[in-house]
file upload08.txt (compact mmCIF, C-alpha atoms (C1' of nucleotides))
# COMPACT_ATOMS: atom_id res chain seq x y z
CA MET K 246 148.44 121.09 114.34
CA GLN K 247 145.03 120.08 115.50
CA ILE K 248 142.00 121.77 116.94
CA SER K 249 142.12 121.32 120.70
CA SER K 250 140.27 118.42 122.25
CA ARG K 251 138.54 120.97 124.50
CA PHE K 252 135.86 121.00 121.85
CA SER K 253 135.23 117.27 121.86
CA VAL K 254 135.38 117.19 125.65
CA ALA K 255 132.78 119.97 125.76
CA VAL K 256 130.49 118.00 123.47
CA HIS K 257 131.03 114.97 125.66
CA VAL K 258 130.08 116.92 128.78
CA LEU K 259 126.99 118.37 127.14
CA ALA K 260 125.98 114.91 125.93
CA LEU K 261 126.25 113.69 129.52
CA LEU K 262 123.97 116.52 130.63
CA ALA K 263 121.52 115.86 127.81
CA THR K 264 121.20 112.16 128.59
CA HIS K 265 121.41 112.41 132.35
CA ARG K 266 118.40 111.37 134.42
CA PRO K 267 117.85 113.27 137.70
CA THR K 268 117.27 110.00 139.48
CA ASP K 269 120.90 109.11 138.91
CA GLY K 270 122.01 111.81 141.36
CA LEU K 271 124.05 114.93 140.82
CA LEU K 272 126.37 115.23 137.89
CA THR K 273 129.47 116.69 139.51
CA SER K 274 132.65 117.68 137.78
CA GLU K 275 134.28 114.65 139.29
CA ARG K 276 131.74 112.26 137.79
CA MET K 277 132.02 113.94 134.41
CA ALA K 278 135.80 113.71 134.66
CA GLY K 279 135.37 110.01 135.25
CA SER K 280 133.48 109.61 131.99
CA VAL K 281 135.86 111.77 129.97
CA ASN K 282 138.80 110.23 131.80
CA THR K 283 140.55 113.41 132.80
CA ASN K 284 140.97 115.70 135.77
CA PRO K 285 137.92 117.42 137.34
CA VAL K 286 139.62 120.79 137.02
CA VAL K 287 139.77 120.37 133.27
CA ILE K 288 136.02 119.77 133.28
CA ARG K 289 135.37 122.79 135.47
CA ARG K 290 137.44 124.98 133.20
CA ILE K 291 135.39 123.90 130.21
CA LEU K 292 132.15 124.26 132.16
CA GLY K 293 133.20 127.81 132.90
CA GLN K 294 133.45 128.51 129.18
CA LEU K 295 130.12 126.85 128.46
CA LYS K 296 128.56 128.87 131.26
CA LYS K 297 129.97 132.12 129.93
CA ALA K 298 128.47 131.25 126.55
CA GLY K 299 125.09 130.68 128.20
CA LEU K 300 124.89 126.99 127.33
CA VAL K 301 124.79 125.64 130.87
CA GLU K 302 124.00 126.72 134.39
CA VAL K 303 126.15 125.57 137.25
CA ARG K 304 125.03 125.54 140.86
CA PRO K 305 128.16 126.92 142.49
CA ALA K 306 128.74 124.97 145.62
CA SER K 307 126.08 122.34 145.94
CA GLY K 308 127.00 120.58 142.76
CA GLY K 309 124.93 119.99 139.73
CA THR K 310 125.02 121.39 136.22
CA PHE K 311 122.11 121.82 133.85
CA LEU K 312 121.60 122.74 130.23
CA SER K 313 120.29 126.28 129.75
CA ARG K 314 118.48 125.32 126.56
CA GLN K 315 116.94 122.29 124.97
CA PRO K 316 119.51 120.02 123.32
CA ALA K 317 117.81 120.71 120.00
CA ALA K 318 118.62 124.40 120.44
CA ILE K 319 122.36 123.89 120.91
CA SER K 320 124.46 123.43 117.79
CA LEU K 321 127.99 122.14 117.66
CA LEU K 322 128.94 125.56 116.32
CA ASP K 323 127.73 127.06 119.60
CA VAL K 324 130.03 124.66 121.41
CA TYR K 325 132.91 125.35 119.05
CA ARG K 326 132.56 129.07 119.63
CA ALA K 327 132.11 128.65 123.37
CA THR K 328 135.26 126.61 123.80
CA GLU K 329 137.25 129.18 121.86
CA VAL K 330 139.45 126.59 120.32
CA VAL K 331 140.06 129.28 117.73
CA GLU K 332 139.77 133.03 118.00
CA ALA K 333 136.97 134.23 115.76
CA GLY K 334 138.05 134.29 112.15
CA GLN K 335 141.54 133.06 112.87
CA LEU K 336 141.57 129.36 112.07
CA PHE K 337 144.39 129.88 109.62
CA SER K 338 147.45 131.82 110.64
CA ILE K 339 149.22 133.94 108.06
CA HIS K 340 152.89 134.84 108.47
CA GLU K 341 152.90 138.25 110.09
CA GLN K 342 155.58 140.32 108.43
CA PRO K 343 156.09 139.68 104.73
CA ASN K 344 158.43 142.11 103.03
CA PRO K 345 156.47 145.18 101.84
CA ALA K 346 159.18 145.94 99.29
CA CYS K 347 158.09 142.89 97.32
CA PRO K 348 154.81 142.92 95.36
CA VAL K 349 153.93 139.45 96.56
CA GLY K 350 154.94 140.19 100.13
CA ARG K 351 152.92 143.38 100.07
CA ASN K 352 149.70 141.71 98.91
CA ILE K 353 149.74 138.09 99.97
CA GLN K 354 147.81 138.65 103.17
CA ALA K 355 144.95 140.47 101.50
CA ALA K 356 144.90 137.98 98.64
CA LEU K 357 144.60 135.02 100.98
CA ASN K 358 142.30 136.48 103.54
CA ASP K 359 138.98 136.17 101.73
CA THR K 360 139.69 132.63 100.64
CA LEU K 361 140.67 131.47 104.07
CA GLN K 362 137.67 133.16 105.64
CA ARG K 363 135.43 131.30 103.23
CA ALA K 364 137.05 127.98 104.01
CA GLN K 365 136.64 128.58 107.70
CA ALA K 366 133.03 129.63 107.24
CA ALA K 367 132.34 126.41 105.35
CA LEU K 368 133.62 124.41 108.29
CA GLU K 369 131.55 126.37 110.76
CA GLN K 370 128.40 126.06 108.69
CA GLN K 371 128.75 122.31 108.80
CA LEU K 372 129.04 122.39 112.58
CA ALA K 373 125.97 124.60 112.71
CA THR K 374 123.86 121.90 111.07
CA VAL K 375 124.34 119.42 113.90
CA THR K 376 122.61 119.81 117.25
CA LEU K 377 123.41 118.39 120.63
CA GLN K 378 120.13 116.50 120.42
CA GLN K 379 121.31 114.68 117.32
CA VAL K 380 124.57 113.74 118.99
CA ALA K 381 122.76 112.55 122.11
CA LEU K 382 120.28 110.49 120.10
CA ASP K 383 123.13 108.99 118.12
CA ILE K 384 124.85 107.96 121.34
CA VAL K 385 121.67 106.47 122.75
CA ALA K 386 121.12 104.52 119.55
CA ARG K 387 124.64 103.15 119.61
CA THR K 388 124.28 102.26 123.27
CA ALA K 389 121.14 100.27 122.58
CA VAL K 390 122.94 98.29 119.92
CA GLY K 391 125.87 97.70 122.22
CA VAL K 392 123.59 96.50 124.98
CA GLY K 393 121.46 94.26 122.80
CA MET S 294 145.04 126.83 118.20
CA GLN S 295 145.67 127.81 114.64
CA ILE S 296 146.63 126.08 111.44
CA SER S 297 150.37 126.51 110.98
CA SER S 298 151.60 129.42 108.90
CA ARG S 299 153.55 126.90 106.83
CA PHE S 300 150.51 126.84 104.60
CA SER S 301 150.42 130.58 103.97
CA VAL S 302 154.18 130.68 103.52
CA ALA S 303 153.91 127.91 100.93
CA VAL S 304 151.27 129.85 99.02
CA HIS S 305 153.51 132.90 99.22
CA VAL S 306 156.45 130.96 97.79
CA LEU S 307 154.36 129.49 94.99
CA ALA S 308 153.00 132.93 94.18
CA LEU S 309 156.56 134.18 93.88
CA LEU S 310 157.33 131.35 91.48
CA ALA S 311 154.17 131.99 89.49
CA THR S 312 154.86 135.68 89.03
CA HIS S 313 158.62 135.45 88.66
CA ARG S 314 160.22 136.48 85.36
CA PRO S 315 163.35 134.56 84.32
CA THR S 316 165.04 137.85 83.44
CA ASP S 317 165.03 138.74 87.12
CA GLY S 318 167.63 136.10 87.84
CA LEU S 319 167.44 132.97 89.96
CA LEU S 320 164.88 132.67 92.72
CA THR S 321 166.97 131.21 95.52
CA SER S 322 165.74 130.24 98.94
CA GLU S 323 167.48 133.30 100.31
CA ARG S 324 165.60 135.67 98.04
CA MET S 325 162.30 133.97 98.83
CA ALA S 326 163.12 134.21 102.51
CA GLY S 327 163.62 137.93 101.99
CA SER S 328 160.11 138.29 100.64
CA VAL S 329 158.49 136.13 103.31
CA ASN S 330 160.74 137.69 105.94
CA THR S 331 161.99 134.51 107.52
CA ASN S 332 165.02 132.27 107.49
CA PRO S 333 166.11 130.55 104.24
CA VAL S 334 166.08 127.18 105.96
CA VAL S 335 162.39 127.58 106.70
CA ILE S 336 161.83 128.15 102.99
CA ARG S 337 163.92 125.15 102.02
CA ARG S 338 162.00 122.92 104.39
CA ILE S 339 158.73 123.99 102.85
CA LEU S 340 160.15 123.66 99.33
CA GLY S 341 161.07 120.11 100.27
CA GLN S 342 157.44 119.37 101.09
CA LEU S 343 156.21 121.01 97.90
CA LYS S 344 158.75 119.02 95.93
CA LYS S 345 157.67 115.78 97.53
CA ALA S 346 154.09 116.61 96.56
CA GLY S 347 155.17 117.17 92.98
CA LEU S 348 154.28 120.87 92.90
CA VAL S 349 157.77 122.25 92.26
CA GLU S 350 161.14 121.18 90.93
CA VAL S 351 164.30 122.34 92.61
CA ARG S 352 167.70 122.37 90.99
CA PRO S 353 169.80 120.99 93.82
CA ALA S 354 172.98 122.99 93.99
CA SER S 355 172.91 125.59 91.27
CA GLY S 356 169.85 127.32 92.62
CA GLY S 357 166.52 127.90 91.02
CA THR S 358 163.08 126.50 91.67
CA PHE S 359 160.28 126.07 89.15
CA LEU S 360 156.63 125.12 89.20
CA SER S 361 155.97 121.59 87.99
CA ARG S 362 152.52 122.53 86.69
CA GLN S 363 150.69 125.53 85.41
CA PRO S 364 149.42 127.80 88.21
CA ALA S 365 145.87 127.07 87.06
CA ALA S 366 146.46 123.39 87.78
CA ILE S 367 147.51 123.91 91.40
CA SER S 368 144.75 124.36 93.96
CA LEU S 369 145.16 125.66 97.48
CA LEU S 370 144.01 122.24 98.64
CA ASP S 371 147.07 120.76 96.92
CA VAL S 372 149.21 123.18 98.90
CA TYR S 373 147.31 122.49 102.10
CA ARG S 374 147.86 118.76 101.69
CA ALA S 375 151.48 119.22 100.67
CA THR S 376 152.39 121.24 103.72
CA GLU S 377 150.80 118.66 105.98
CA VAL S 378 149.60 121.26 108.40
CA VAL S 379 147.17 118.56 109.45
CA GLU S 380 147.42 114.82 109.11
CA ALA S 381 144.77 113.58 106.72
CA GLY S 382 141.36 113.55 108.36
CA GLN S 383 142.63 114.77 111.70
CA LEU S 384 141.84 118.47 111.85
CA PHE S 385 139.86 117.93 115.02
CA SER S 386 141.36 116.01 117.88
CA ILE S 387 139.11 113.90 120.08
CA HIS S 388 140.08 113.03 123.62
CA GLU S 389 141.67 109.63 123.39
CA GLN S 390 140.46 107.58 126.32
CA PRO S 391 136.90 108.20 127.41
CA ASN S 392 135.58 105.80 129.99
CA PRO S 393 134.13 102.71 128.25
CA ALA S 394 132.02 101.97 131.33
CA CYS S 395 129.89 105.01 130.53
CA PRO S 396 127.45 104.94 127.61
CA VAL S 397 128.50 108.41 126.53
CA GLY S 398 132.18 107.67 126.97
CA ARG S 399 131.82 104.48 124.99
CA ASN S 400 130.16 106.12 122.00
CA ILE S 401 131.20 109.76 121.86
CA GLN S 402 134.06 109.17 119.46
CA ALA S 403 131.97 107.34 116.91
CA ALA S 404 129.13 109.82 117.28
CA LEU S 405 131.38 112.79 116.61
CA ASN S 406 133.55 111.33 113.94
CA ASP S 407 131.24 111.61 110.95
CA THR S 408 130.26 115.15 111.79
CA LEU S 409 133.82 116.33 112.21
CA GLN S 410 134.88 114.62 109.02
CA ARG S 411 132.15 116.46 107.16
CA ALA S 412 133.16 119.80 108.63
CA GLN S 413 136.74 119.22 107.65
CA ALA S 414 135.72 118.13 104.16
CA ALA S 415 133.72 121.34 103.74
CA LEU S 416 136.81 123.37 104.53
CA GLU S 417 138.95 121.41 102.11
CA GLN S 418 136.40 121.68 99.34
CA GLN S 419 136.52 125.45 99.65
CA LEU S 420 140.29 125.39 99.33
CA ALA S 421 139.96 123.17 96.28
CA THR S 422 137.99 125.85 94.43
CA VAL S 423 140.86 128.35 94.46
CA THR S 424 143.89 127.97 92.22
CA LEU S 425 147.36 129.41 92.47
CA GLN S 426 146.62 131.28 89.27
CA GLN S 427 143.74 133.09 90.93
CA VAL S 428 145.90 134.06 93.86
CA ALA S 429 148.70 135.26 91.58
CA LEU S 430 146.31 137.30 89.44
CA ASP S 431 144.79 138.81 92.55
CA ILE S 432 148.23 139.86 93.75
CA VAL S 433 149.13 141.34 90.39
CA ALA S 434 145.87 143.29 90.32
CA ARG S 435 146.48 144.66 93.80
CA THR S 436 150.04 145.56 92.88
CA ALA S 437 148.87 147.53 89.87
CA VAL S 438 146.48 149.48 92.07
CA GLY S 439 149.20 150.11 94.61
CA VAL S 440 151.59 151.33 91.93
CA GLY S 441 149.13 153.54 90.09
C1' DG Q 51 129.28 124.24 161.86
C1' DC Q 52 130.47 120.86 158.53
C1' DA Q 53 130.86 118.23 154.37
C1' DG Q 54 131.13 118.65 149.65
C1' DC Q 55 131.40 121.11 145.53
C1' DT Q 56 132.74 124.95 142.45
C1' DG Q 57 136.01 128.61 140.84
C1' DT Q 58 140.70 129.78 140.03
C1' DA Q 59 145.36 130.51 140.43
C1' DA Q 60 149.77 128.43 140.01
C1' DC Q 61 152.85 125.26 138.33
C1' DC Q 62 154.56 121.26 135.58
C1' DA Q 63 155.52 118.15 131.65
C1' DA Q 64 155.04 117.38 126.94
C1' DG Q 65 154.54 118.63 122.32
C1' DT Q 66 155.02 121.85 118.35
C1' DA Q 67 156.40 125.74 115.63
C1' DG Q 68 159.59 128.73 113.82
C1' DA Q 69 164.36 130.64 113.89
C1' DT Q 70 169.00 129.75 113.70
C1' DT Q 71 173.57 127.56 113.21
C1' DA Q 72 176.29 124.26 111.12
C1' DC Q 73 177.77 121.43 107.68
C1' DA Q 74 177.81 117.83 103.98
C1' DA Q 75 176.83 117.28 99.04
C1' DC Q 76 176.97 118.96 94.66
C1' DA Q 77 176.46 121.82 90.22
C1' DA Q 78 178.52 125.29 87.25
C1' DG Q 79 181.99 128.47 85.72
C1' DG Q 80 186.57 129.80 85.23
C1' DC N 175 190.44 120.95 89.05
C1' DC N 176 188.91 123.96 92.34
C1' DT N 177 186.33 127.72 93.92
C1' DT N 178 181.86 129.64 94.65
C1' DG N 179 177.21 129.43 95.66
C1' DT N 180 173.24 126.80 96.56
C1' DT N 181 170.44 122.99 98.33
C1' DG N 182 169.37 119.30 101.90
C1' DT N 183 169.16 118.26 106.53
C1' DA N 184 170.35 117.56 111.29
C1' DA N 185 170.61 119.68 115.73
C1' DT N 186 169.53 123.10 118.90
C1' DC N 187 166.98 126.92 121.03
C1' DT N 188 163.18 129.78 122.50
C1' DA N 189 158.43 130.65 122.86
C1' DC N 190 153.93 129.09 123.17
C1' DT N 191 149.94 125.99 123.97
C1' DT N 192 147.77 122.12 126.07
C1' DG N 193 146.30 119.13 129.39
C1' DG N 194 147.19 117.39 134.07
C1' DT N 195 147.75 118.33 138.84
C1' DT N 196 147.87 120.51 143.40
C1' DA N 197 146.19 123.83 146.39
C1' DC N 198 142.98 126.61 148.36
C1' DA N 199 139.37 130.19 148.89
C1' DG N 200 134.38 130.70 148.77
C1' DC N 201 130.01 129.13 149.12
C1' DT N 202 125.66 126.13 149.54
C1' DG N 203 122.66 123.31 151.99
C1' DC N 204 121.90 120.05 155.47
call {"tool": "encode", "arguments": {"input": "upload08.txt", "output": "structure tokens"}}
result
Amino acid sequence: MQISSRFSVAVHVLALLATHRPTDGLLTSERMAGSVNTNPVVIRRILGQLKKAGLVEVRPASGGTFLSRQPAAISLLDVYRATEVVEAGQLFSIHEQPNPACPVGRNIQAALNDTLQRAQAALEQQLATVTLQQVALDIVARTAVGVG
Amino acid sequence: MQISSRFSVAVHVLALLATHRPTDGLLTSERMAGSVNTNPVVIRRILGQLKKAGLVEVRPASGGTFLSRQPAAISLLDVYRATEVVEAGQLFSIHEQPNPACPVGRNIQAALNDTLQRAQAALEQQLATVTLQQVALDIVARTAVGVG
DNA sequence: GCAGCTGTAACCAAGTAGATTACAACAAGG
DNA sequence: CCTTGTTGTAATCTACTTGGTTACAGCTGC
């Protein structure tokens, strides 16, 4: 089982916004969908989540989406949380109903919980160290190489 | 999306093996299923994975499963890998076909890959620090409290 | 008013997990 | 030898999630 691609699509969309120049015209959901290669509705759904998390502002009918903060102030953890690929603290799932008549069954959940929380926190801390700005700069750098 | 409960069930099964006393009789898949509260076939499937990973030995027809190593020599990362809840290096999924005509689309995968690999590695390193022995001792300690 | 875009609901196809049934293969004891 | 009990595994089923798609209401700005 994998973490949903909603997360990587969201980063993609935010990278588009971060590197977009106003002179290129409006960045509509349809144009973003063209870059991600998916359906505009999928993009709008994700934009809705990013908007709810306060990462972007969307002009409802006239088109156009803008970052609410500087790219340097948006971490990949913010995006991860915003896209709710995982309910908070629930990356691992533990079997729900072990047998309470058995010592192991009675205590396995508690015994595992701390460890799994720590593992999940380690993952999230890594995501917190990377900003949208870094991703955008990385893309620009790679583009330059590709062009040259 | 969550990481499959196969992992927590596998830890449960191994904890049963680690705390099991031979005087209590054979630990069959049916008895383990009773503790986990699932179907014996689910247990046997997971035992098959643990066996393939060299963590347990199963006596084919006469019943009985045993740890191949000391509990202190089995880490939760070993179990995580054995249960293949995630193909190696693929915890995150990235949308497959971004538009190569777009600079962002052309480079998003490469730009994200390193970061996501690091996040995943951080999670796995945390799992590597915990052994089956620690889990088993934790369960025993909690059991004692519950009994007293 | 009209064109174009967003916001959402509704539905579909595909993939995955876990539960369950069924059965072949085989070890061990009488 | 043959019966019993267990493992190994295939096949099926239901439930759930995801991403894709269609449809349409609501709204903005010219």
call {"tool": "closest_residue", "arguments": {"input": "upload08.txt", "among": "S:Ala403, S:Leu348, S:Ala375, S:Val433", "to": "S:Ser361", "atoms": "only C-alpha atoms"}}
result
S:Leu348
call {"tool": "interface_residues", "arguments": {"input": "upload08.txt", "of": "chain S", "to": "chain Q", "cutoff": "8 Å", "atoms": "all atoms listed in the file", "output": "JSON, numbers by chain"}}
result
{"S": [297, 331, 332, 335, 353, 354, 355]}
call {"tool": "calpha_fit_and_write", "arguments": {"input": "upload08.txt", "fixed": "chain K", "moving": "chain S", "output": "JSON list (two decimals) with C-alpha atoms, in the coordinates of the input"}}
result
[["chain", "number", "residue", "atom", "x", "y", "z"],
["S", 294, "MET", "CA", 148.42, 121.07, 114.30],
["S", 295, "GLN", "CA", 145.01, 120.08, 115.48],
["S", 296, "ILE", "CA", 141.99, 121.80, 116.92],
["S", 297, "SER", "CA", 142.12, 121.39, 120.69],
["S", 298, "SER", "CA", 140.27, 118.47, 122.24],
["S", 299, "ARG", "CA", 138.52, 121.00, 124.48],
["S", 300, "PHE", "CA", 135.84, 121.03, 121.82],
["S", 301, "SER", "CA", 135.23, 117.28, 121.85],
["S", 302, "VAL", "CA", 135.37, 117.20, 125.64],
["S", 303, "ALA", "CA", 132.75, 119.96, 125.76],
["S", 304, "VAL", "CA", 130.46, 118.00, 123.46],
["S", 305, "HIS", "CA", 131.03, 114.96, 125.66],
["S", 306, "VAL", "CA", 130.07, 116.91, 128.77],
["S", 307, "LEU", "CA", 126.97, 118.36, 127.14],
["S", 308, "ALA", "CA", 125.97, 114.91, 125.94],
["S", 309, "LEU", "CA", 126.24, 113.67, 129.51],
["S", 310, "LEU", "CA", 123.97, 116.50, 130.63],
["S", 311, "ALA", "CA", 121.52, 115.83, 127.82],
["S", 312, "THR", "CA", 121.19, 112.14, 128.60],
["S", 313, "HIS", "CA", 121.41, 112.39, 132.37],
["S", 314, "ARG", "CA", 118.41, 111.36, 134.47],
["S", 315, "PRO", "CA", 117.86, 113.29, 137.71],
["S", 316, "THR", "CA", 117.27, 110.01, 139.54],
["S", 317, "ASP", "CA", 120.91, 109.13, 138.95],
["S", 318, "GLY", "CA", 122.01, 111.79, 141.40],
["S", 319, "LEU", "CA", 124.06, 114.93, 140.86],
["S", 320, "LEU", "CA", 126.38, 115.23, 137.90],
["S", 321, "THR", "CA", 129.47, 116.71, 139.52],
["S", 322, "SER", "CA", 132.65, 117.69, 137.77],
["S", 323, "GLU", "CA", 134.29, 114.65, 139.29],
["S", 324, "ARG", "CA", 131.77, 112.26, 137.80],
["S", 325, "MET", "CA", 132.02, 113.94, 134.40],
["S", 326, "ALA", "CA", 135.79, 113.72, 134.64],
["S", 327, "GLY", "CA", 135.37, 110.00, 135.23],
["S", 328, "SER", "CA", 133.49, 109.62, 131.98],
["S", 329, "VAL", "CA", 135.86, 111.78, 129.95],
["S", 330, "ASN", "CA", 138.82, 110.24, 131.77],
["S", 331, "THR", "CA", 140.56, 113.44, 132.74],
["S", 332, "ASN", "CA", 140.99, 115.69, 135.73],
["S", 333, "PRO", "CA", 137.94, 117.41, 137.31],
["S", 334, "VAL", "CA", 139.62, 120.78, 136.99],
["S", 335, "VAL", "CA", 139.78, 120.37, 133.23],
["S", 336, "ILE", "CA", 136.03, 119.78, 133.26],
["S", 337, "ARG", "CA", 135.38, 122.78, 135.46],
["S", 338, "ARG", "CA", 137.41, 125.01, 133.18],
["S", 339, "ILE", "CA", 135.38, 123.92, 130.20],
["S", 340, "LEU", "CA", 132.12, 124.24, 132.15],
["S", 341, "GLY", "CA", 133.18, 127.80, 132.90],
["S", 342, "GLN", "CA", 133.42, 128.52, 129.18],
["S", 343, "LEU", "CA", 130.08, 126.86, 128.47],
["S", 344, "LYS", "CA", 128.52, 128.86, 131.28],
["S", 345, "LYS", "CA", 129.92, 132.10, 129.94],
["S", 346, "ALA", "CA", 128.40, 131.24, 126.56],
["S", 347, "GLY", "CA", 125.04, 130.67, 128.19],
["S", 348, "LEU", "CA", 124.84, 126.97, 127.34],
["S", 349, "VAL", "CA", 124.76, 125.60, 130.90],
["S", 350, "GLU", "CA", 123.97, 126.69, 134.43],
["S", 351, "VAL", "CA", 126.13, 125.55, 137.29],
["S", 352, "ARG", "CA", 125.06, 125.53, 140.91],
["S", 353, "PRO", "CA", 128.18, 126.94, 142.53],
["S", 354, "ALA", "CA", 128.85, 124.96, 145.66],
["S", 355, "SER", "CA", 126.17, 122.35, 146.02],
["S", 356, "GLY", "CA", 127.03, 120.60, 142.80],
["S", 357, "GLY", "CA", 124.94, 120.00, 139.76],
["S", 358, "THR", "CA", 125.03, 121.38, 136.26],
["S", 359, "PHE", "CA", 122.10, 121.78, 133.88],
["S", 360, "LEU", "CA", 121.58, 122.71, 130.27],
["S", 361, "SER", "CA", 120.26, 126.23, 129.78],
["S", 362, "ARG", "CA", 118.44, 125.27, 126.59],
["S", 363, "GLN", "CA", 116.91, 122.25, 124.99],
["S", 364, "PRO", "CA", 119.49, 119.99, 123.31],
["S", 365, "ALA", "CA", 117.79, 120.69, 119.98],
["S", 366, "ALA", "CA", 118.58, 124.38, 120.43],
["S", 367, "ILE", "CA", 122.32, 123.88, 120.91],
["S", 368, "SER", "CA", 124.42, 123.43, 117.78],
["S", 369, "LEU", "CA", 127.97, 122.14, 117.65],
["S", 370, "LEU", "CA", 128.91, 125.56, 116.31],
["S", 371, "ASP", "CA", 127.69, 127.05, 119.59],
["S", 372, "VAL", "CA", 129.99, 124.65, 121.41],
["S", 373, "TYR", "CA", 132.85, 125.35, 119.03],
["S", 374, "ARG", "CA", 132.51, 129.08, 119.62],
["S", 375, "ALA", "CA", 132.07, 128.64, 123.36],
["S", 376, "THR", "CA", 135.24, 126.63, 123.79],
["S", 377, "GLU", "CA", 137.21, 129.22, 121.85],
["S", 378, "VAL", "CA", 139.42, 126.62, 120.30],
["S", 379, "VAL", "CA", 140.07, 129.31, 117.72],
["S", 380, "GLU", "CA", 139.75, 133.05, 118.01],
["S", 381, "ALA", "CA", 136.97, 134.26, 115.76],
["S", 382, "GLY", "CA", 138.05, 134.28, 112.13],
["S", 383, "GLN", "CA", 141.56, 133.08, 112.87],
["S", 384, "LEU", "CA", 141.60, 129.38, 112.09],
["S", 385, "PHE", "CA", 144.42, 129.92, 109.63],
["S", 386, "SER", "CA", 147.47, 131.87, 110.66],
["S", 387, "ILE", "CA", 149.28, 133.97, 108.08],
["S", 388, "HIS", "CA", 152.92, 134.86, 108.48],
["S", 389, "GLU", "CA", 152.93, 138.27, 110.07],
["S", 390, "GLN", "CA", 155.62, 140.33, 108.41],
["S", 391, "PRO", "CA", 156.14, 139.69, 104.72],
["S", 392, "ASN", "CA", 158.47, 142.10, 103.00],
["S", 393, "PRO", "CA", 156.51, 145.17, 101.83],
["S", 394, "ALA", "CA", 159.22, 145.91, 99.26],
["S", 395, "CYS", "CA", 158.11, 142.86, 97.30],
["S", 396, "PRO", "CA", 154.85, 142.90, 95.34],
["S", 397, "VAL", "CA", 153.96, 139.43, 96.57],
["S", 398, "GLY", "CA", 154.97, 140.19, 100.13],
["S", 399, "ARG", "CA", 152.94, 143.37, 100.07],
["S", 400, "ASN", "CA", 149.74, 141.71, 98.90],
["S", 401, "ILE", "CA", 149.78, 138.07, 99.97],
["S", 402, "GLN", "CA", 147.85, 138.67, 103.17],
["S", 403, "ALA", "CA", 145.00, 140.48, 101.49],
["S", 404, "ALA", "CA", 144.93, 137.98, 98.64],
["S", 405, "LEU", "CA", 144.64, 135.02, 100.98],
["S", 406, "ASN", "CA", 142.33, 136.48, 103.53],
["S", 407, "ASP", "CA", 139.02, 136.18, 101.72],
["S", 408, "THR", "CA", 139.72, 132.63, 100.64],
["S", 409, "LEU", "CA", 140.69, 131.48, 104.10],
["S", 410, "GLN", "CA", 137.70, 133.18, 105.63],
["S", 411, "ARG", "CA", 135.45, 131.31, 103.24],
["S", 412, "ALA", "CA", 137.07, 127.99, 104.02],
["S", 413, "GLN", "CA", 136.66, 128.58, 107.71],
["S", 414, "ALA", "CA", 133.05, 129.65, 107.24],
["S", 415, "ALA", "CA", 132.34, 126.43, 105.35],
["S", 416, "LEU", "CA", 133.61, 124.42, 108.29],
["S", 417, "GLU", "CA", 131.55, 126.38, 110.77],
["S", 418, "GLN", "CA", 128.41, 126.08, 108.68],
["S", 419, "GLN", "CA", 128.76, 122.31, 108.77],
["S", 420, "LEU", "CA", 129.03, 122.40, 112.54],
["S", 421, "ALA", "CA", 125.96, 124.60, 112.68],
["S", 422, "THR", "CA", 123.84, 121.90, 111.04],
["S", 423, "VAL", "CA", 124.33, 119.42, 113.88],
["S", 424, "THR", "CA", 122.59, 119.80, 117.22],
["S", 425, "LEU", "CA", 123.38, 118.38, 120.62],
["S", 426, "GLN", "CA", 120.12, 116.50, 120.40],
["S", 427, "GLN", "CA", 121.32, 114.68, 117.30],
["S", 428, "VAL", "CA", 124.55, 113.73, 118.98],
["S", 429, "ALA", "CA", 122.74, 112.54, 122.11],
["S", 430, "LEU", "CA", 120.27, 110.48, 120.10],
["S", 431, "ASP", "CA", 123.11, 108.97, 118.12],
["S", 432, "ILE", "CA", 124.84, 107.95, 121.33],
["S", 433, "VAL", "CA", 121.67, 106.46, 122.75],
["S", 434, "ALA", "CA", 121.10, 104.49, 119.55],
["S", 435, "ARG", "CA", 124.64, 103.14, 119.62],
["S", 436, "THR", "CA", 124.29, 102.25, 123.28],
["S", 437, "ALA", "CA", 121.15, 100.26, 122.61],
["S", 438, "VAL", "CA", 122.96, 98.31, 119.91],
["S", 439, "GLY", "CA", 125.89, 97.71, 122.21],
["S", 440, "VAL", "CA", 123.63, 96.49, 124.99],
["S", 441, "GLY", "CA", 121.44, 94.25, 122.86]]
call {"tool": "atom_distance", "arguments": {"input": "upload08.txt", "atom1": "atom CA of S:Pro396", "atom2": "atom CA of S:Gln410"}}
result
22.2 Å
call {"tool": "closest_residue", "arguments": {"input": "upload08.txt", "among": "K:Leu382, K:Ile248, K:Val349, K:Leu321", "to": "chain N", "atoms": "only C-alpha atoms (C1' of nucleotides)"}}
result
K:Ile248
call {"tool": "closest_atom_pairs", "arguments": {"input": "upload08.txt", "of": "chain N", "to": "chain K", "cutoff": "8 Å", "atoms": "all atoms listed in the file", "output": "Markdown table"}}
result
| residue | atom | partner | partner_atom | distance |
| --- | --- | --- | --- | --- |
| N:DT192 | C1' | K:Ser249 | CA | 7.8 |
| N:DG193 | C1' | K:Val287 | CA | 7.7 |
| N:DG194 | C1' | K:Asn284 | CA | 6.7 |
| N:DT195 | C1' | K:Asn284 | CA | 7.9 |
| N:DC201 | C1' | K:Ala306 | CA | 5.6 |
| N:DT202 | C1' | K:Ala306 | CA | 5.1 |
| N:DG203 | C1' | K:Ser307 | CA | 7.0 |
call {"tool": "residues_around", "arguments": {"input": "upload08.txt", "residues": "S:Val379", "least_positions_apart": "4", "cutoff": "7 Å", "atoms": "all atoms listed in the file", "output": "PyMOL selection string"}}
result
(chain K and resi 246-247) or (chain S and resi 383-384)
call {"tool": "closest_residue", "arguments": {"input": "upload08.txt", "among": "S:Glu380, S:Asp371, S:Glu350, S:Glu323", "to": "chain K", "atoms": "all atoms listed in the file"}}
result
S:Glu380
